[in-house]
Each structure stands twice: as C-alpha cells, then as structure tokens.
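A.B. asks: The following block contains the structure, expressed as structure tokens.
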Amino acid sequence: MTAETLQAAPDTVPDTARDAGWRDIVALVGARIWVRLQKIVSVIRPLAWVLMVLAVACWIVGGSVGWIELTIAATVVTVVIALCALFLIGRTEYDVSLDLARTRVVVGERAVGALTLTNPTSRAILPSRVVLPVGGGRGEFGIHRLAPGDKAEELFAIPTLRRGVVKVGPVSVVRGDPLGMFERAHRGDDPVDLYVHPKTVLFDGQSLGFLRDLEGLPAADLSRDDVSFHALNEYQPGDDLRHVHWRSTARTGVMMVRQYEETRRSHFVIGLSRSAGDYAVDADFELGISVAGSVGLRALRDSQRVDARVQGRELRCGTGKQLLDSLAALEESKPRDGGIAELSGVIAATMPLASVVVLVCGSRVSNENLRLACARLPYGARVIAIVADTSVEVPALRAIGEAAVVSVGALEQIPLALQKVLA
C-alpha cells in the first residue's frame, strides 16, 4: 500500500458514512410521507374517486376541444368535491364507553347495552355519526353537537338468533359528507365479546350414575361394607361379623357394628361429536350442543369432576359458565378429525378412569359405528349415547351392547329420555 493510498483512505470513509446517513434520512422522510398519504387516501370513498377522474377528464377534454359545457361540468364537479371535503374538518376526540348489561345471553334473548360519548376537550364537537360493529353487521347512531364536558348516551339491543361468540365493537366515530364521498373514522375502545349460549333445560332426578371405588369420595348413602367409617349401630341380622366393634360391645353390653359411607368415583365425561357427517341437518347439530350443555350442567350439580371433549380439543367445563362459553364458540370440525368412533378412542386414551361417559352424536351415525365407539370407551364405565334427531317425536330407547342409546328430537325430551335410561 502506497503513501497516496494511506492518505486517501481517511477521506473516503466519511463520504460513505455521509451517504448512508442521507439514505436513512430520505427513507425516514419517505416512510412518513407514505403514512400521511395512506391516511389521506383512506378517507376517500369510491364515489369521490370516480368524480375526481371525471372532473380531470372534463377539464382536459373541455380545454383541448374548447367545449364550454365540459368545462362548466368540470367546474361544478370540482366545487362539489371541495365542499364535501370541508365536512372532514372538525374534532372527533370523544371519550367512548361501551357497556353491555350482560355479556352472556341465551339464544333468542336480547342483549341490551349502552354507548356513552363524552367531549373531554375545551371546544365543541360538531355532529358526528357513530358506527358500532356487531358481528357481521353494524349499527349507526347520530350524535348531536356536544359542548365541552357534555355527554351523549345511546341505548341499543342486539337480537341473538343463533348460538355463537359475537364481537361488539370497536366503536368508530365517523365524520363525512352527506353524499358519502369522504369519510374519516376514529376508533374507540376495544371490542367486547358477547357469548350467546345454547338453550338448555334443567331437570331434577338422580345422578346419571357413579362407580364405587376405594379411592373415591364419600357419598351420602350408607353402606355395610366400605372404607369410610361413619358410625356405630346395633347389630342387625345379616351384618358382617367382621365389622363388630368389640370394645363398644363390651362397654355397652350390646353388640355394635361399624357402618360406613360409600365411596364413589364420579368422573363424568361428555363426548360431543362436532363432525358434520354425523348430523343430518344443522338443527340436529344445535340440538346436540344443547343436549350436551343440559347434561353437563346436571352433572356439575351431581358429580365431583366433569370433563367434556370434542374432536380436536377438550372443553373448559370447571363451572357451568365455562361449559356454556365453550359450547357457544363451538364449530363443526374438519373431516380429517374423524367422527364419534375416533372421539371415543381419544376419550379412552386420555380419560381411562371415567365412571360415566355420555356420547352425543347425530342420526347419521350407523349402529356399527356407534357400537365401535362404545366398545372403545374405558372398561367398566357406564355408557349412555344420546342421538340428536329433530325428526323424532317421542324419545326412543335401545341397547347396543351394554350401552343405552336414546334418540331425542327436542330439548324438552331430555328429562323423559334420561328417566327411561335410569329406569
């Protein structure tokens, strides 16, 4: 390396760094300009684009061929566009509050809410239009002029025609012109989830079943032979002499025997098929979800532990609210997830100590598939299969192996159907 090279190197490095710095500045300025342009373009509606193109075309053609009519038309269109653009001027800085009276309703009920807008600024806010998205639709409210500190409250009701989780919001304050050429929106608070629960039926009666288990929990029923000691009673003919309490017998002079509380294993499992191929019509699928919810709520009142599973995942069902929330968000599964037989295999693998298993499916499940599904369940568990079929007028009970299979056509038939199963 020569002396000239050594002298030129220090001058070259600053030039490169200076060029890189200018490129960064240009990129930053360009990004900011692009963001501004996006904001400007976002307020222009399709009608405004059409009129602007028409105005430019009229100006060009009218000026080139000398048609005064086209020039006048271009002037009128330009003035209209400019006047409509003036409607964008003004503040939309409301404090927005969205409040639903209840975030959980049942299908068919109305969800009532209130929308409150406050002007927190020191200047008045001109009339605006507020848009409230509700699921796939939206509601619109006209807000009058608000002086500083004033409030405007709008009440609304949301009809719930079908089960699901509906997003309400976010609220958008829209300012625009009467012709709909320009529209500027300011988003408010975050959306609120509205859970539309499936219909369920409450019914009384005995529990759907327990299994006696030494590792279970004590029940209210008394037994002569178990591991949970309850009390001492006088000897009755037929009592097992192995349970005689000799110390108490010697002290009282009357033969006393131990009495126990039954210990039961109460792992209640619900298997709900959400395969579209298992149901004849959509109404059967909705009925199956309502059946699973009704049985699950009853099981939560009776059992110590309840689990619910569908294709692909396990539902949260620690409480009745969690179970209904999970069912509200339920959708049909993909064909690769399989039907009721595959679901039974997953239940057997993940819940081998289930004491009672209730399978819920549709009328398209054949007896062979239903027999296979019941055979895959944990050994010793009591199995009840409920077939949702809206064409059934009276609950029908039949047996497939050791499983009780009952077909129901309406939610109100569940109490009678389970009475037949438990009879």
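If you're wondering about the labels, chains in the structure tokens are A, B, ... by order shown, residues count from 1 in each chain, ligands from 1 in order shown.
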Neighbours of stretch 324-329 of chain A within 9 Å (only C-alpha atoms; same-chain residues fewer than 3 positions away dropped), as an mmCIF file with all heavy atoms, in the first residue's frame?

C.D. replies:
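Here's the written file selection01.cif:
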data_model
loop_
_atom_site.group_PDB
_atom_site.id
_atom_site.type_symbol
_atom_site.label_atom_id
_atom_site.label_comp_id
_atom_site.auth_asym_id
_atom_site.auth_seq_id
_atom_site.Cartn_x
_atom_site.Cartn_y
_atom_site.Cartn_z
ATOM 1 N N ARG A 104 -73.367 -12.403 28.555
ATOM 2 C CA ARG A 104 -73.769 -13.796 28.292
ATOM 3 C C ARG A 104 -75.283 -13.871 28.271
ATOM 4 O O ARG A 104 -75.932 -13.557 29.274
ATOM 5 C CB ARG A 104 -73.188 -14.745 29.355
ATOM 6 C CG ARG A 104 -71.687 -14.913 29.247
ATOM 7 C CD ARG A 104 -71.093 -15.615 30.451
ATOM 8 N NE ARG A 104 -69.684 -15.890 30.252
ATOM 9 C CZ ARG A 104 -68.726 -15.002 30.465
ATOM 10 N NH1 ARG A 104 -69.033 -13.785 30.908
ATOM 11 N NH2 ARG A 104 -67.452 -15.324 30.254
ATOM 12 N N ARG A 163 -76.584 -19.331 18.163
ATOM 13 C CA ARG A 163 -75.509 -19.505 19.131
ATOM 14 C C ARG A 163 -74.181 -19.021 18.536
ATOM 15 O O ARG A 163 -73.932 -19.117 17.342
ATOM 16 C CB ARG A 163 -75.419 -20.998 19.470
ATOM 17 C CG ARG A 163 -74.235 -21.403 20.321
ATOM 18 C CD ARG A 163 -74.129 -22.914 20.331
ATOM 19 N NE ARG A 163 -74.050 -23.457 18.981
ATOM 20 C CZ ARG A 163 -72.926 -23.554 18.290
ATOM 21 N NH1 ARG A 163 -71.793 -23.118 18.792
ATOM 22 N NH2 ARG A 163 -72.948 -24.067 17.077
ATOM 23 N N GLY A 164 -73.314 -18.511 19.402
ATOM 24 C CA GLY A 164 -72.004 -18.084 18.938
ATOM 25 C C GLY A 164 -71.375 -17.069 19.872
ATOM 26 O O GLY A 164 -71.937 -16.710 20.914
ATOM 27 N N VAL A 165 -70.201 -16.599 19.490
ATOM 28 C CA VAL A 165 -69.497 -15.529 20.205
ATOM 29 C C VAL A 165 -69.461 -14.330 19.267
ATOM 30 O O VAL A 165 -68.834 -14.375 18.208
ATOM 31 C CB VAL A 165 -68.080 -15.954 20.615
ATOM 32 C CG1 VAL A 165 -67.382 -14.817 21.363
ATOM 33 C CG2 VAL A 165 -68.121 -17.205 21.479
ATOM 34 N N TYR A 195 -71.260 -13.598 24.513
ATOM 35 C CA TYR A 195 -71.446 -15.046 24.407
ATOM 36 C C TYR A 195 -72.944 -15.346 24.318
ATOM 37 O O TYR A 195 -73.704 -15.020 25.228
ATOM 38 C CB TYR A 195 -70.843 -15.755 25.619
ATOM 39 C CG TYR A 195 -69.339 -15.730 25.657
ATOM 40 C CD1 TYR A 195 -68.651 -14.685 26.272
ATOM 41 C CD2 TYR A 195 -68.592 -16.761 25.088
ATOM 42 C CE1 TYR A 195 -67.268 -14.660 26.303
ATOM 43 C CE2 TYR A 195 -67.209 -16.743 25.119
ATOM 44 C CZ TYR A 195 -66.555 -15.697 25.728
ATOM 45 O OH TYR A 195 -65.186 -15.674 25.762
ATOM 46 N N VAL A 196 -73.326 -15.962 23.214
ATOM 47 C CA VAL A 196 -74.709 -16.395 23.029
ATOM 48 C C VAL A 196 -74.750 -17.896 23.309
ATOM 49 O O VAL A 196 -74.331 -18.707 22.492
ATOM 50 C CB VAL A 196 -75.206 -16.085 21.606
ATOM 51 C CG1 VAL A 196 -76.672 -16.477 21.470
ATOM 52 C CG2 VAL A 196 -75.014 -14.610 21.288
ATOM 53 N N HIS A 197 -75.216 -18.246 24.503
ATOM 54 C CA HIS A 197 -75.209 -19.637 24.945
ATOM 55 C C HIS A 197 -76.310 -20.449 24.256
ATOM 56 O O HIS A 197 -77.358 -19.896 23.903
ATOM 57 C CB HIS A 197 -75.409 -19.714 26.457
ATOM 58 C CG HIS A 197 -74.230 -19.238 27.234
ATOM 59 N ND1 HIS A 197 -74.279 -18.961 28.590
ATOM 60 C CD2 HIS A 197 -72.947 -18.976 26.855
ATOM 61 C CE1 HIS A 197 -73.095 -18.562 29.003
ATOM 62 N NE2 HIS A 197 -72.269 -18.559 27.974
ATOM 63 N N PRO A 198 -76.083 -21.737 24.083
ATOM 64 C CA PRO A 198 -77.165 -22.590 23.565
ATOM 65 C C PRO A 198 -78.277 -22.745 24.590
ATOM 66 O O PRO A 198 -78.069 -22.563 25.798
ATOM 67 C CB PRO A 198 -76.455 -23.924 23.305
ATOM 68 C CG PRO A 198 -75.308 -23.923 24.264
ATOM 69 C CD PRO A 198 -74.853 -22.495 24.361
ATOM 70 N N ILE A 289 -75.629 -29.881 20.731
ATOM 71 C CA ILE A 289 -74.914 -28.967 21.627
ATOM 72 C C ILE A 289 -75.771 -28.631 22.841
ATOM 73 O O ILE A 289 -75.273 -28.597 23.983
ATOM 74 C CB ILE A 289 -74.508 -27.694 20.861
ATOM 75 C CG1 ILE A 289 -73.453 -28.034 19.810
ATOM 76 C CG2 ILE A 289 -73.992 -26.626 21.814
ATOM 77 C CD1 ILE A 289 -73.039 -26.861 18.964
ATOM 78 N N SER A 290 -77.065 -28.397 22.626
ATOM 79 C CA SER A 290 -77.956 -28.115 23.749
ATOM 80 C C SER A 290 -78.081 -29.312 24.680
ATOM 81 O O SER A 290 -78.142 -29.159 25.907
ATOM 82 C CB SER A 290 -79.335 -27.710 23.221
ATOM 83 O OG SER A 290 -79.268 -26.490 22.502
ATOM 84 N N ALA A 292 -75.757 -31.657 25.174
ATOM 85 C CA ALA A 292 -74.504 -31.744 25.930
ATOM 86 C C ALA A 292 -74.458 -30.706 27.040
ATOM 87 O O ALA A 292 -74.002 -30.984 28.159
ATOM 88 C CB ALA A 292 -73.319 -31.575 24.989
ATOM 89 N N GLY A 293 -74.942 -29.483 26.759
ATOM 90 C CA GLY A 293 -74.960 -28.463 27.791
ATOM 91 C C GLY A 293 -75.899 -28.801 28.929
ATOM 92 O O GLY A 293 -75.567 -28.601 30.105
ATOM 93 N N LEU A 297 -74.554 -29.524 32.717
ATOM 94 C CA LEU A 297 -74.978 -28.723 33.873
ATOM 95 C C LEU A 297 -75.526 -29.606 34.983
ATOM 96 O O LEU A 297 -75.267 -29.377 36.167
ATOM 97 C CB LEU A 297 -76.027 -27.701 33.443
ATOM 98 C CG LEU A 297 -75.540 -26.570 32.533
ATOM 99 C CD1 LEU A 297 -76.698 -25.668 32.130
ATOM 100 C CD2 LEU A 297 -74.449 -25.751 33.214
ATOM 101 N N LEU A 315 -62.904 -29.281 26.153
ATOM 102 C CA LEU A 315 -63.618 -28.059 26.502
ATOM 103 C C LEU A 315 -63.409 -27.713 27.965
ATOM 104 O O LEU A 315 -63.294 -28.598 28.813
ATOM 105 C CB LEU A 315 -65.117 -28.225 26.230
ATOM 106 C CG LEU A 315 -65.529 -28.600 24.807
ATOM 107 C CD1 LEU A 315 -67.043 -28.685 24.718
ATOM 108 C CD2 LEU A 315 -64.994 -27.604 23.798
ATOM 109 N N ARG A 316 -63.371 -26.430 28.245
ATOM 110 C CA ARG A 316 -63.314 -25.978 29.640
ATOM 111 C C ARG A 316 -64.696 -26.148 30.251
ATOM 112 O O ARG A 316 -65.690 -25.644 29.725
ATOM 113 C CB ARG A 316 -62.888 -24.516 29.711
ATOM 114 C CG ARG A 316 -61.481 -24.232 29.224
ATOM 115 C CD ARG A 316 -61.158 -22.767 29.392
ATOM 116 N NE ARG A 316 -61.246 -22.357 30.792
ATOM 117 C CZ ARG A 316 -61.403 -21.108 31.195
ATOM 118 N NH1 ARG A 316 -61.545 -20.140 30.310
ATOM 119 N NH2 ARG A 316 -61.462 -20.825 32.480
ATOM 120 N N CYS A 317 -64.762 -26.842 31.360
ATOM 121 C CA CYS A 317 -66.067 -27.069 31.997
ATOM 122 C C CYS A 317 -65.922 -27.187 33.507
ATOM 123 O O CYS A 317 -66.615 -27.977 34.146
ATOM 124 C CB CYS A 317 -66.738 -28.315 31.413
ATOM 125 S SG CYS A 317 -65.732 -29.803 31.471
ATOM 126 N N THR A 319 -66.822 -24.937 35.534
ATOM 127 C CA THR A 319 -68.082 -24.386 36.037
ATOM 128 C C THR A 319 -69.091 -24.413 34.903
ATOM 129 O O THR A 319 -68.751 -24.603 33.728
ATOM 130 C CB THR A 319 -67.895 -22.944 36.539
ATOM 131 O OG1 THR A 319 -67.486 -22.106 35.430
ATOM 132 C CG2 THR A 319 -66.852 -22.878 37.635
ATOM 133 N N GLY A 320 -70.350 -24.173 35.247
ATOM 134 C CA GLY A 320 -71.377 -24.136 34.225
ATOM 135 C C GLY A 320 -71.154 -23.021 33.225
ATOM 136 O O GLY A 320 -71.410 -23.184 32.027
ATOM 137 N N LYS A 321 -70.664 -21.871 33.676
ATOM 138 C CA LYS A 321 -70.411 -20.752 32.777
ATOM 139 C C LYS A 321 -69.308 -21.086 31.786
ATOM 140 O O LYS A 321 -69.413 -20.766 30.591
ATOM 141 C CB LYS A 321 -70.043 -19.505 33.584
ATOM 142 C CG LYS A 321 -69.815 -18.270 32.737
ATOM 143 C CD LYS A 321 -69.683 -17.026 33.589
ATOM 144 C CE LYS A 321 -68.425 -17.056 34.421
ATOM 145 N NZ LYS A 321 -68.232 -15.773 35.154
#

A.B. asks: Please list as a list in words every residue within 8 Å of A:His243, counting only C-alpha atoms and excluding residues in the same chain fewer than 4 positions away.

C.D. replies: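 In the requested format, the answer is Asp239, Val257 and Arg258 of chain A.
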
A.B. asks: Go ahead and save the picked residues with C-alpha atoms, as a CSV table (one decimal), in the first residue's frame.

C.D. replies:
chain,number,residue,atom,x,y,z
A,239,ASP,CA,-74.5,-57.8,59.3
A,257,VAL,CA,-71.1,-53.0,64.3
A,258,ARG,CA,-69.4,-50.3,62.2

A.B. asks: Of the candidates A:Pro159, A:Gly338, A:Pro170, A:Gly318, which shows the shortest atom-to-atom distance to A:Gly108, using only C-alpha atoms?

C.D. replies: A:Pro159

A.B. asks: Considering only C-alpha atoms, can you say which of A:Ala373, A:Ala124, A:Val387, A:Ala185 comes closest to A:Ser42?

C.D. replies: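 Between A:Ala373, A:Ala124, A:Val387, A:Ala185, the residue approaching A:Ser42 most closely is A:Ala185.
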
A.B. asks: Give me every strand (DSSP E) residue in stretch 124-189 of chain A, going by DSSP on the backbone, as number ranges by chain.

C.D. replies: A: 128-134, 137-143, 151-159, 164-168, 172-176, 183-187

A.B. asks: Apply DSSP to the structure's backbone, then extract all residues of stretch 278-309 of chain A labelled helix (DSSP H, G or I) and return them as a PyMOL selection string.

C.D. replies: chain A and resi 278+282-302

A.B. asks: Those selected residues, please, written with C-alpha atoms and delivered as a short mmCIF file (atom, residue, chain, number, x, y, z; two decimals), in the first residue's frame.

C.D. replies:
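To be explicit, this is the file written out as out.cif:
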data_model
loop_
_atom_site.label_atom_id
_atom_site.label_comp_id
_atom_site.auth_asym_id
_atom_site.auth_seq_id
_atom_site.Cartn_x
_atom_site.Cartn_y
_atom_site.Cartn_z
CA ASP A 278 -72.65 -37.28 11.94
CA ASP A 282 -77.76 -28.16 11.10
CA ALA A 283 -80.67 -28.20 13.56
CA ASP A 284 -79.53 -31.64 14.76
CA PHE A 285 -76.05 -30.25 15.49
CA GLU A 286 -77.52 -27.38 17.50
CA LEU A 287 -79.75 -29.84 19.36
CA GLY A 288 -76.71 -31.98 20.16
CA ILE A 289 -74.91 -28.97 21.63
CA SER A 290 -77.96 -28.11 23.75
CA VAL A 291 -78.18 -31.73 24.93
CA ALA A 292 -74.50 -31.74 25.93
CA GLY A 293 -74.96 -28.46 27.79
CA SER A 294 -78.05 -29.69 29.66
CA VAL A 295 -76.46 -32.98 30.68
CA GLY A 296 -73.23 -31.22 31.62
CA LEU A 297 -74.98 -28.72 33.87
CA ARG A 298 -76.81 -31.56 35.61
CA ALA A 299 -73.56 -33.49 36.02
CA LEU A 300 -71.84 -30.47 37.54
CA ARG A 301 -74.56 -30.36 40.18
CA ASP A 302 -74.13 -34.05 40.99
#

A.B. asks: With only C-alpha atoms as the counted atoms, please give the residues lying no more than 8 Å from stretch 145-151 of chain A, apart from itself and same-chain residues fewer than 4 positions off, as a ChimeraX atom specification.

C.D. replies: /A:116-128

A.B. asks: To one decimal place, how far is atom CA of A:Ala349 from atom CA of A:Ala404 in Å?

C.D. replies: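 The value is 21.9 Å.
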
A.B. asks: Kindly indicate which residue among A:Leu411, A:Val79, A:Ala250, A:Asn369 lies nearest to A:Lys199, using only C-alpha atoms for the distances.

C.D. replies: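 Between A:Leu411, A:Val79, A:Ala250, A:Asn369, the residue approaching A:Lys199 most closely is A:Leu411.
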
A.B. asks: At what distance in Å, to one decimal, does atom CA of A:Leu323 lie from atom CA of A:Ser366?

C.D. replies: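 Pair atom CA of A:Ser366 / atom CA of A:Leu323 returns 28.1 Å.
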
A.B. asks: I want to know what sits within 9 Å of A:Asp190, based on only C-alpha atoms, with residues of the same chain fewer than 6 positions away left out; could you give that as a ChimeraX atom specification?

C.D. replies: /A:98,168-171

A.B. asks: Determine the nearest neighbour of A:Val77 from the options A:Cys374, A:Cys58, A:Val254, A:Ala276, counting only C-alpha atoms.

C.D. replies: A:Cys58

A.B. asks: Pick out the residues sitting within 10 Å of A:Asp240, and hand them over as a list of chain:residue names; count only C-alpha atoms, and ignore anything fewer than 2 positions along from it in its own chain.

C.D. replies: A:Arg224, A:Asp225, A:Tyr235, A:Gln236, A:Pro237, A:Gly238, A:Arg242, A:His243, A:Val244, A:Val257, A:Arg258

A.B. asks: Can you write just those residues out, C-alpha atoms, as a short mmCIF file (atom, residue, chain, number, x, y, z; two decimals), in the first residue's frame?

C.D. replies:
data_model
loop_
_atom_site.label_atom_id
_atom_site.label_comp_id
_atom_site.auth_asym_id
_atom_site.auth_seq_id
_atom_site.Cartn_x
_atom_site.Cartn_y
_atom_site.Cartn_z
CA ARG A 224 -72.34 -52.03 55.46
CA ASP A 225 -69.04 -52.55 53.71
CA TYR A 235 -76.11 -55.47 65.23
CA GLN A 236 -78.83 -56.46 62.79
CA PRO A 237 -79.31 -59.95 61.34
CA GLY A 238 -77.23 -60.19 58.21
CA ARG A 242 -66.02 -58.87 60.72
CA HIS A 243 -67.26 -55.31 61.34
CA VAL A 244 -68.22 -55.86 65.00
CA VAL A 257 -71.12 -52.97 64.30
CA ARG A 258 -69.39 -50.35 62.19
#

A.B. asks: Can you tell me how far atom CA of A:Gly409 sits from atom CA of A:Arg110, in Å to one decimal?

C.D. replies: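 Going from atom CA of A:Gly409 over to atom CA of A:Arg110 covers 26.0 Å.
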
A.B. asks: Could you give me, as JSON, numbers by chain, the residues within 10 Å of A:Glu332, counting only C-alpha atoms and dropping anything in the same chain fewer than 3 positions from it?

C.D. replies: {"A": [273, 274, 275, 276, 277, 282, 285, 310, 311, 335]}
